[in-house]
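Enquirer: Sharing input.cif (mmCIF, C-alpha atoms) below.
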data_upload
#
loop_
_atom_site.label_atom_id
_atom_site.label_comp_id
_atom_site.auth_asym_id
_atom_site.auth_seq_id
_atom_site.Cartn_x
_atom_site.Cartn_y
_atom_site.Cartn_z
CA MET A 1 70.81 80.64 97.29
CA GLU A 2 69.41 84.08 96.50
CA LYS A 3 71.90 86.27 94.69
CA GLN A 4 73.57 88.93 96.81
CA PRO A 5 72.85 92.59 96.02
CA LYS A 6 75.53 94.38 93.99
CA LEU A 7 76.37 98.00 94.73
CA MET A 8 75.17 99.91 91.65
CA ASN A 9 77.20 103.10 92.06
CA TYR A 10 78.75 105.65 89.70
CA ALA A 11 81.83 103.54 88.95
CA ARG A 12 79.85 100.46 87.95
CA MET A 13 77.38 102.42 85.85
CA LYS A 14 80.19 104.37 84.18
CA GLY A 15 81.79 101.09 83.11
CA VAL A 16 78.61 100.16 81.23
CA PHE A 17 78.21 103.66 79.78
CA ASP A 18 81.79 103.99 78.56
CA ALA A 19 81.70 100.58 76.88
CA HIS A 20 78.61 101.52 74.87
CA MET A 21 78.96 105.31 74.58
CA GLU A 22 78.44 105.49 70.82
CA GLN A 23 75.06 103.77 70.95
CA MET A 24 73.86 105.50 74.12
CA PHE A 25 74.95 109.14 73.94
CA LYS A 26 71.57 110.16 72.44
CA PHE A 27 69.58 108.85 75.39
CA ALA A 28 72.00 108.66 78.34
CA PHE A 29 74.39 111.09 80.03
CA MET A 30 76.90 110.62 82.81
CA ASN A 31 79.57 112.58 84.62
CA SER A 32 80.94 112.35 88.16
CA GLU A 33 77.96 114.29 89.53
CA LEU A 34 74.90 112.88 87.84
CA GLY A 35 73.58 110.40 85.33
CA MET A 36 70.49 110.59 83.15
CA LEU A 37 68.22 108.25 81.22
CA TYR A 38 66.35 110.05 78.46
CA GLY A 39 63.59 107.83 77.16
CA ASP A 40 65.33 104.76 75.76
CA PRO A 41 66.15 102.38 78.66
CA SER A 42 69.01 100.56 76.89
CA MET A 43 71.50 101.42 79.64
CA PHE A 44 69.07 100.12 82.27
CA LYS A 45 68.72 96.89 80.31
CA LEU A 46 72.49 96.53 79.81
CA ILE A 47 73.11 96.92 83.55
CA ILE A 48 70.59 94.15 84.26
CA GLN A 49 72.12 91.88 81.62
CA GLN A 50 75.74 92.43 82.64
CA HIS A 51 75.54 92.63 86.42
CA LYS A 52 72.35 90.71 87.28
CA PRO A 53 70.02 91.96 90.04
CA PRO A 54 69.42 92.56 92.88
CA PHE A 55 71.19 95.90 93.28
CA ILE A 56 71.78 98.20 96.23
CA ILE A 57 71.51 101.94 95.59
CA ASN A 58 73.56 104.33 97.72
CA ASP A 59 72.55 107.59 96.06
CA PHE A 60 69.38 109.42 94.95
CA ARG A 61 67.41 108.47 91.83
CA MET A 62 64.25 110.16 90.50
CA GLY A 63 62.35 109.43 87.34
CA LEU A 64 59.07 108.84 85.57
CA ILE A 65 57.55 106.11 83.44
CA ALA A 66 56.36 107.52 80.08
CA LYS A 67 55.49 104.25 78.31
CA GLY A 68 55.46 100.54 78.96
CA HIS A 69 55.35 98.57 82.19
CA ALA A 70 57.82 97.01 84.60
CA VAL A 71 57.73 94.85 87.71
CA VAL A 72 60.40 95.64 90.30
CA ARG A 73 60.94 94.43 93.86
CA VAL A 74 61.86 97.49 95.91
CA ASN A 75 62.98 96.91 99.51
CA LEU A 76 61.28 93.49 99.60
CA VAL A 77 57.96 94.64 98.12
CA GLU A 78 56.96 93.93 94.51
CA LYS A 79 55.85 97.07 92.66
CA GLN A 80 54.02 97.45 89.33
CA LEU A 81 55.46 100.42 87.46
CA GLU A 82 53.11 101.98 84.90
CA PRO A 83 52.92 105.08 82.68
CA GLY A 84 52.16 108.23 84.64
CA MET A 85 54.13 107.20 87.74
CA LEU A 86 56.83 109.22 89.47
CA LEU A 87 59.63 107.13 91.00
CA PHE A 88 62.11 107.81 93.78
CA VAL A 89 64.76 105.57 95.34
CA GLY A 90 67.18 106.78 97.98
CA PRO A 91 70.33 105.53 99.68
CA GLY A 92 70.09 102.00 101.04
CA THR A 93 67.39 100.86 98.60
CA ILE A 94 67.51 97.26 97.38
CA LEU A 95 66.23 96.96 93.78
CA HIS A 96 65.42 93.77 91.92
CA PRO A 97 63.98 94.33 88.41
CA VAL A 98 61.79 91.32 87.63
CA SER A 99 60.35 92.04 84.18
CA TYR A 100 59.65 94.87 81.74
CA THR A 101 57.89 95.35 78.41
CA ASP A 102 59.77 96.03 75.17
CA ASN A 103 58.25 99.51 74.86
CA LEU A 104 59.43 100.69 78.29
CA GLU A 105 60.34 104.40 78.26
CA ILE A 106 61.99 106.02 81.29
CA TYR A 107 63.14 109.58 81.98
CA GLY A 108 65.18 110.13 85.09
CA ILE A 109 68.27 111.29 86.93
CA GLY A 110 70.74 109.84 89.42
CA LEU A 111 72.66 112.08 91.81
CA PHE A 112 76.14 110.80 92.67
CA ASP A 113 78.44 111.68 95.57
CA ASP A 114 79.95 114.73 93.86
CA PHE A 115 76.60 116.36 93.10
CA PRO A 116 76.04 119.75 94.85
CA MET A 117 72.91 118.71 96.72
CA PRO A 118 70.28 121.42 97.31
CA GLN A 119 68.30 121.79 100.51
CA MET A 120 65.92 118.85 100.39
CA PRO A 121 62.23 118.70 101.35
CA SER A 122 61.09 116.30 104.06
CA THR A 123 60.33 113.42 101.68
CA PHE A 124 64.03 113.20 100.79
CA ASN A 125 65.55 113.61 104.28
CA GLY A 126 66.04 109.89 104.91
CA GLN A 127 62.65 109.01 106.37
CA LEU A 128 61.74 107.25 103.10
CA ARG A 129 63.92 104.91 101.10
CA ASP A 130 61.61 104.85 98.11
CA PHE A 131 58.20 105.66 96.68
CA GLN A 132 56.33 105.05 93.44
CA VAL A 133 53.17 107.12 92.99
CA GLU A 134 50.65 107.85 90.27
CA ALA A 135 50.70 111.52 89.30
CA SER A 136 48.36 113.81 87.40
CA ASP A 137 49.00 114.61 83.76
CA ALA A 138 49.99 118.13 84.80
CA ASP A 139 52.56 116.86 87.31
CA ILE A 140 54.01 114.39 84.80
CA THR A 141 54.27 117.18 82.22
CA THR A 142 56.02 119.44 84.74
CA ALA A 143 58.45 116.69 85.75
CA ARG A 144 59.21 116.00 82.10
CA HIS A 145 59.84 119.71 81.43
CA ILE A 146 62.32 119.85 84.33
CA ILE A 147 64.13 116.72 83.08
CA ASP A 148 64.19 118.14 79.54
CA THR A 149 65.75 121.34 80.84
CA ILE A 150 68.40 119.48 82.86
CA TRP A 151 69.18 117.39 79.74
CA HIS A 152 69.62 120.61 77.74
CA VAL A 153 71.85 122.26 80.38
CA VAL A 154 74.22 119.31 80.87
CA HIS A 155 74.88 119.22 77.13
CA GLN A 156 75.83 122.89 76.91
CA LYS A 157 79.49 123.68 76.37
CA ASP A 158 79.55 125.92 79.46
CA TYR A 159 77.76 123.40 81.71
CA ASN A 160 76.61 125.21 84.87
CA ARG A 161 76.38 122.84 87.84
CA GLN A 162 74.58 125.38 90.05
CA THR A 163 71.82 125.72 87.46
CA VAL A 164 71.43 121.94 87.46
CA SER A 165 71.36 121.90 91.27
CA CYS A 166 68.52 124.46 91.26
CA LEU A 167 66.60 122.43 88.68
CA VAL A 168 67.05 119.30 90.81
CA ALA A 169 65.75 121.26 93.82
CA ALA A 170 62.62 122.16 91.82
CA MET A 171 62.18 118.53 90.84
CA MET A 172 62.47 117.42 94.48
CA GLN A 173 59.85 119.97 95.52
CA LEU A 174 57.52 118.69 92.81
CA TYR A 175 58.00 115.06 93.86
CA ASP A 176 57.56 115.99 97.53
CA GLY A 177 54.24 117.68 96.79
CA VAL A 178 52.96 114.76 94.72
CA TYR A 179 53.99 112.26 97.40
CA GLN A 180 52.38 114.25 100.23
CA ARG A 181 49.09 114.52 98.32
CA HIS A 182 49.24 110.82 97.52
CA THR A 183 49.82 109.96 101.18
CA ASP A 184 46.94 112.14 102.36
CA LYS A 185 44.59 110.53 99.82
CA LEU A 186 45.79 107.03 100.65
CA GLN A 187 45.30 107.48 104.36
CA ALA A 188 41.75 108.63 103.74
CA SER A 189 40.81 105.60 101.63
CA GLN A 190 43.16 102.77 102.63
CA SER A 191 42.05 100.00 104.91
CA ARG A 192 43.44 99.99 108.44
CA GLU A 193 45.07 96.62 107.76
CA GLN A 194 46.95 97.82 104.68
CA THR A 195 48.04 100.97 106.51
CA ILE A 196 49.45 98.83 109.33
CA PHE A 197 51.29 96.59 106.86
CA ASP A 198 52.82 99.53 104.98
CA ARG A 199 53.96 101.16 108.22
CA PHE A 200 55.43 97.85 109.43
CA ILE A 201 57.46 97.36 106.22
CA GLN A 202 58.73 100.93 106.43
CA LEU A 203 59.89 100.42 110.03
CA VAL A 204 61.49 97.06 109.20
CA ASN A 205 63.48 98.60 106.34
CA GLN A 206 64.66 101.37 108.67
CA HIS A 207 65.46 99.38 111.82
CA CYS A 208 66.05 95.71 110.98
CA ALA A 209 69.80 96.10 111.54
CA GLU A 210 69.35 96.76 115.23
CA GLN A 211 65.84 95.48 115.99
CA HIS A 212 65.11 91.81 115.19
CA GLN A 213 62.03 91.15 117.31
CA ILE A 214 58.37 91.71 116.51
CA GLY A 215 57.87 93.30 119.92
CA TYR A 216 59.85 96.40 118.99
CA TYR A 217 57.71 97.08 115.91
CA ALA A 218 54.48 96.36 117.77
CA GLU A 219 55.46 98.82 120.49
CA ARG A 220 56.41 101.49 117.92
CA MET A 221 53.00 101.06 116.32
CA CYS A 222 51.13 100.94 119.65
CA LEU A 223 49.80 97.43 118.90
CA THR A 224 50.07 94.08 120.63
CA GLU A 225 52.46 91.53 119.12
CA ARG A 226 49.61 89.11 118.52
CA TYR A 227 47.46 91.67 116.69
CA LEU A 228 50.36 92.91 114.56
CA SER A 229 51.37 89.35 113.64
CA THR A 230 47.81 88.50 112.65
CA ILE A 231 47.38 91.61 110.48
CA ILE A 232 50.71 91.14 108.69
CA ARG A 233 50.00 87.51 107.88
CA GLN A 234 46.43 88.20 106.71
CA THR A 235 47.51 91.15 104.55
CA SER A 236 50.63 89.69 102.93
CA GLY A 237 50.48 85.92 103.37
CA VAL A 238 53.90 86.13 105.07
CA THR A 239 54.57 86.28 108.81
CA ALA A 240 55.97 89.41 110.43
CA LYS A 241 59.06 87.45 111.54
CA GLU A 242 59.70 86.35 107.95
CA TRP A 243 59.60 89.98 106.77
CA ILE A 244 62.13 90.93 109.46
CA ASP A 245 64.34 87.97 108.55
CA ARG A 246 64.22 88.84 104.82
CA ALA A 247 65.31 92.42 105.47
CA LEU A 248 68.01 91.38 107.94
CA ILE A 249 69.45 88.66 105.68
CA THR A 250 69.61 91.15 102.80
CA ARG A 251 71.49 93.61 105.03
CA ILE A 252 73.89 90.87 106.16
CA LYS A 253 74.60 89.83 102.56
CA VAL A 254 75.44 93.42 101.64
CA GLU A 255 77.86 93.64 104.58
CA LEU A 256 79.50 90.31 103.71
CA MET A 257 79.86 91.03 100.00
CA HIS A 258 80.68 94.72 99.93
CA THR A 259 82.78 95.36 103.06
CA ASP A 260 85.92 93.87 104.58
CA LYS A 261 84.34 93.61 108.03
CA SER A 262 84.89 90.42 109.99
CA VAL A 263 81.98 88.14 110.82
CA ALA A 264 82.38 89.07 114.48
CA ARG A 265 82.15 92.80 113.72
CA ILE A 266 79.08 92.37 111.51
CA ALA A 267 77.43 90.29 114.22
CA GLU A 268 78.12 93.03 116.77
CA GLU A 269 76.97 95.90 114.53
CA LEU A 270 73.74 94.05 113.66
CA ASN A 271 72.99 93.46 117.32
CA PHE A 272 73.45 89.69 117.54
CA PRO A 273 74.42 88.34 120.98
CA ASN A 274 77.58 86.63 119.66
CA PRO A 275 79.22 85.47 116.38
CA SER A 276 78.16 81.85 116.93
CA PHE A 277 74.47 82.78 117.16
CA PHE A 278 74.87 85.05 114.13
CA SER A 279 76.44 82.24 112.04
CA LYS A 280 73.76 79.72 113.01
CA TYR A 281 71.01 82.23 112.18
CA PHE A 282 72.50 83.00 108.76
CA LYS A 283 73.03 79.32 107.89
CA ARG A 284 69.51 78.38 108.96
CA LEU A 285 68.03 80.93 106.55
CA THR A 286 70.47 80.64 103.63
CA GLY A 287 72.04 77.20 103.85
CA PHE A 288 75.53 78.74 104.05
CA THR A 289 77.74 79.98 106.86
CA PRO A 290 78.75 83.66 106.59
CA LEU A 291 82.29 82.65 105.59
CA GLU A 292 81.03 80.23 102.92
CA PHE A 293 78.81 82.96 101.53
CA LYS A 294 81.63 85.51 101.58
CA MET A 295 83.81 83.11 99.56
CA THR A 296 81.39 83.51 96.64
CA LYS A 297 82.51 87.15 96.28
#
Go ahead and render the structure in this file as structure tokens.

Expert:
Amino acid sequence: MEKQPKLMNYARMKGVFDAHMEQMFKFAFMNSELGMLYGDPSMFKLIIQQHKPPFIINDFRMGLIAKGHAVVRVNLVEKQLEPGMLLFVGPGTILHPVSYTDNLEIYGIGLFDDFPMPQMPSTFNGQLRDFQVEASDADITTARHIIDTIWHVVHQKDYNRQTVSCLVAAMMQLYDGVYQRHTDKLQASQSREQTIFDRFIQLVNQHCAEQHQIGYYAERMCLTERYLSTIIRQTSGVTAKEWIDRALITRIKVELMHTDKSVARIAEELNFPNPSFFSKYFKRLTGFTPLEFKMTK
């Protein structure tokens, strides 16, 4: 059975940070509003070792890869993270770190519930759960300067949260611009098949809770079911229905493990016709009934 995602929120991260504060204060920071990684990824590695992936993220994270490499499954899709990449994950993202090199170096921030969020550009308004894009040297340098300044401000005795909020706003604008340029370039060069696959995965991640059938996604994309199914299988080696099932099962596991909702309520909220059908569907794909799975909590 695939491991259920664990909610990686402020409380869980703070537990790791507090237990290793002496060894991490030079390259990690955390308060109730934000957390930071500053080069050395020891906290990232400790979280993986102690809590075991996959994780679900319910806040905003932005960062950059300065050195090293990592492989991470993000919302079902395996991503290769390399130096010179800007990273964003938003609420609802499922992360599963797979591997990383010993020289991995990450700079980044996490914005928790108490953070005074600035007005966000379109890339951060909920349309996207995540992105990982290659950036120019100039953009990486700018992002690093902003992170360096935030790091300096949060360590001042008279920490000014509004200054940090403004710096985060600047960082979001930078990331938004890089992402928009990346998207424009990708659309100009990407094959039609890959574009269809990427759009399909994006829609599945957004709507799998209420839409379980290929027909909905085909209609949204103005394609026939047969054509969409063929393209998805040729591009990924996995059927469109399997992608929908993967996303839906992940969502169900999160509901079972991290809420007190009844099986009947989860079945209703996730648009199943009745609890019996829901239970049979879950057991067919996982080998466990929802109640059996929930007992592993």

Enquirer: I'd like the contact shell of Thr289 (chain A) - 12 Å cut-off, all atoms listed in the file, skipping same-chain residues fewer than 2 positions apart - returned as a ChimeraX atom specification.

Expert: /A:1,252-253,256,263,275-287,291-296

Enquirer: Just to be explicit: take each residue in the selection above, keep C-alpha atoms, and write the result as an mmCIF file, in the frame of the given file.

Expert:
data_model
loop_
_atom_site.group_PDB
_atom_site.id
_atom_site.type_symbol
_atom_site.label_atom_id
_atom_site.label_comp_id
_atom_site.auth_asym_id
_atom_site.auth_seq_id
_atom_site.Cartn_x
_atom_site.Cartn_y
_atom_site.Cartn_z
ATOM 1 C CA MET A 1 70.810 80.640 97.290
ATOM 2 C CA ILE A 252 73.890 90.870 106.160
ATOM 3 C CA LYS A 253 74.600 89.830 102.560
ATOM 4 C CA LEU A 256 79.500 90.310 103.710
ATOM 5 C CA VAL A 263 81.980 88.140 110.820
ATOM 6 C CA PRO A 275 79.220 85.470 116.380
ATOM 7 C CA SER A 276 78.160 81.850 116.930
ATOM 8 C CA PHE A 277 74.470 82.780 117.160
ATOM 9 C CA PHE A 278 74.870 85.050 114.130
ATOM 10 C CA SER A 279 76.440 82.240 112.040
ATOM 11 C CA LYS A 280 73.760 79.720 113.010
ATOM 12 C CA TYR A 281 71.010 82.230 112.180
ATOM 13 C CA PHE A 282 72.500 83.000 108.760
ATOM 14 C CA LYS A 283 73.030 79.320 107.890
ATOM 15 C CA ARG A 284 69.510 78.380 108.960
ATOM 16 C CA LEU A 285 68.030 80.930 106.550
ATOM 17 C CA THR A 286 70.470 80.640 103.630
ATOM 18 C CA GLY A 287 72.040 77.200 103.850
ATOM 19 C CA LEU A 291 82.290 82.650 105.590
ATOM 20 C CA GLU A 292 81.030 80.230 102.920
ATOM 21 C CA PHE A 293 78.810 82.960 101.530
ATOM 22 C CA LYS A 294 81.630 85.510 101.580
ATOM 23 C CA MET A 295 83.810 83.110 99.560
ATOM 24 C CA THR A 296 81.390 83.510 96.640
#

Enquirer: Could you check which of A:Thr149, A:Gln173, A:Ser42, A:Ser229 is closest to Glu193 (chain A), using all atoms listed in the file?

Expert: A:Ser229

Enquirer: Please expand the PyMOL selection byres ((chain A and resi 101) around 7) into the concrete residues it hits in this file, giving the result as a ChimeraX atom specification.

Expert: /A:68-70,100,102-104

Enquirer: Translate the PyMOL selection byres ((chain A and resi 39) around 9) into a concrete residue list for this structure, as JSON, numbers by chain.

Expert: {"A": [27, 28, 37, 38, 40, 41, 65, 66, 67, 104, 105, 106, 107, 108]}

Enquirer: Kindly provide, as JSON, numbers by chain, the polymer residues lying within 10 Å of (72.8, 99.6, 89.9), counting all atoms listed in the file and using the coordinates exactly as they appear in the file.

Expert: {"A": [5, 6, 7, 8, 9, 10, 11, 12, 13, 44, 47, 48, 51, 52, 53, 54, 55, 56, 57, 58, 94, 95, 96]}

Enquirer: Between CA of Ala169 (chain A) and CA of Arg181 (chain A), what is the distance in Å, rounded to a tenth?

Expert: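 Separation of CA of Ala169 (chain A) and CA of Arg181 (chain A): 18.5 Å.
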
Enquirer: Identify which of the residues A:Glu219, A:Glu268, A:Glu22, A:Asp176 lies closest to Phe131 (chain A), counting only C-alpha atoms when measuring atom-to-atom distances.

Expert: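 Of all the options, A:Asp176 lies closest to Phe131 (chain A).
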
Enquirer: Would you write out, as a ChimeraX atom specification, every residue that the PyMOL selection byres ((chain A and resi 133-147) around 12) captures in this file?

Expert: /A:35-39,62-66,79-89,106-110,130-132,148-154,163-183,185-186

Enquirer: Show me, as JSON lines, the residues of region 66-119 of chain A having an atom within 12 Å of region 199-218 of chain A, each with the closest atom pair and its distance in Å, using all atoms listed in the file.

Expert:
{"residue": "A:Val74", "atom": "CA", "partner": "A:Asn205", "partner_atom": "CA", "distance": 10.6}
{"residue": "A:Asn75", "atom": "CA", "partner": "A:Asn205", "partner_atom": "CA", "distance": 7.1}
{"residue": "A:Leu76", "atom": "CA", "partner": "A:Ile201", "partner_atom": "CA", "distance": 8.6}
{"residue": "A:Val77", "atom": "CA", "partner": "A:Ile201", "partner_atom": "CA", "distance": 8.6}
{"residue": "A:Pro91", "atom": "CA", "partner": "A:Gln206", "partner_atom": "CA", "distance": 11.4}
{"residue": "A:Gly92", "atom": "CA", "partner": "A:Asn205", "partner_atom": "CA", "distance": 9.1}
{"residue": "A:Thr93", "atom": "CA", "partner": "A:Asn205", "partner_atom": "CA", "distance": 9.0}
{"residue": "A:Ile94", "atom": "CA", "partner": "A:Asn205", "partner_atom": "CA", "distance": 9.9}

Enquirer: How many Å separate CA of Phe112 (chain A) from CA of Glu33 (chain A)?

Expert: 5.0 Å

Enquirer: How many Å lie between CA of Leu223 (chain A) and CA of Asn271 (chain A), rounded to one decimal?

Expert: 23.6 Å

Enquirer: Of the residues A:Ile249, A:Lys26, A:Pro290, A:Pro97, which is the one nearest to Arg73 (chain A), using only C-alpha atoms?

Expert: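 The answer is A:Pro97, which sits nearest to Arg73 (chain A).
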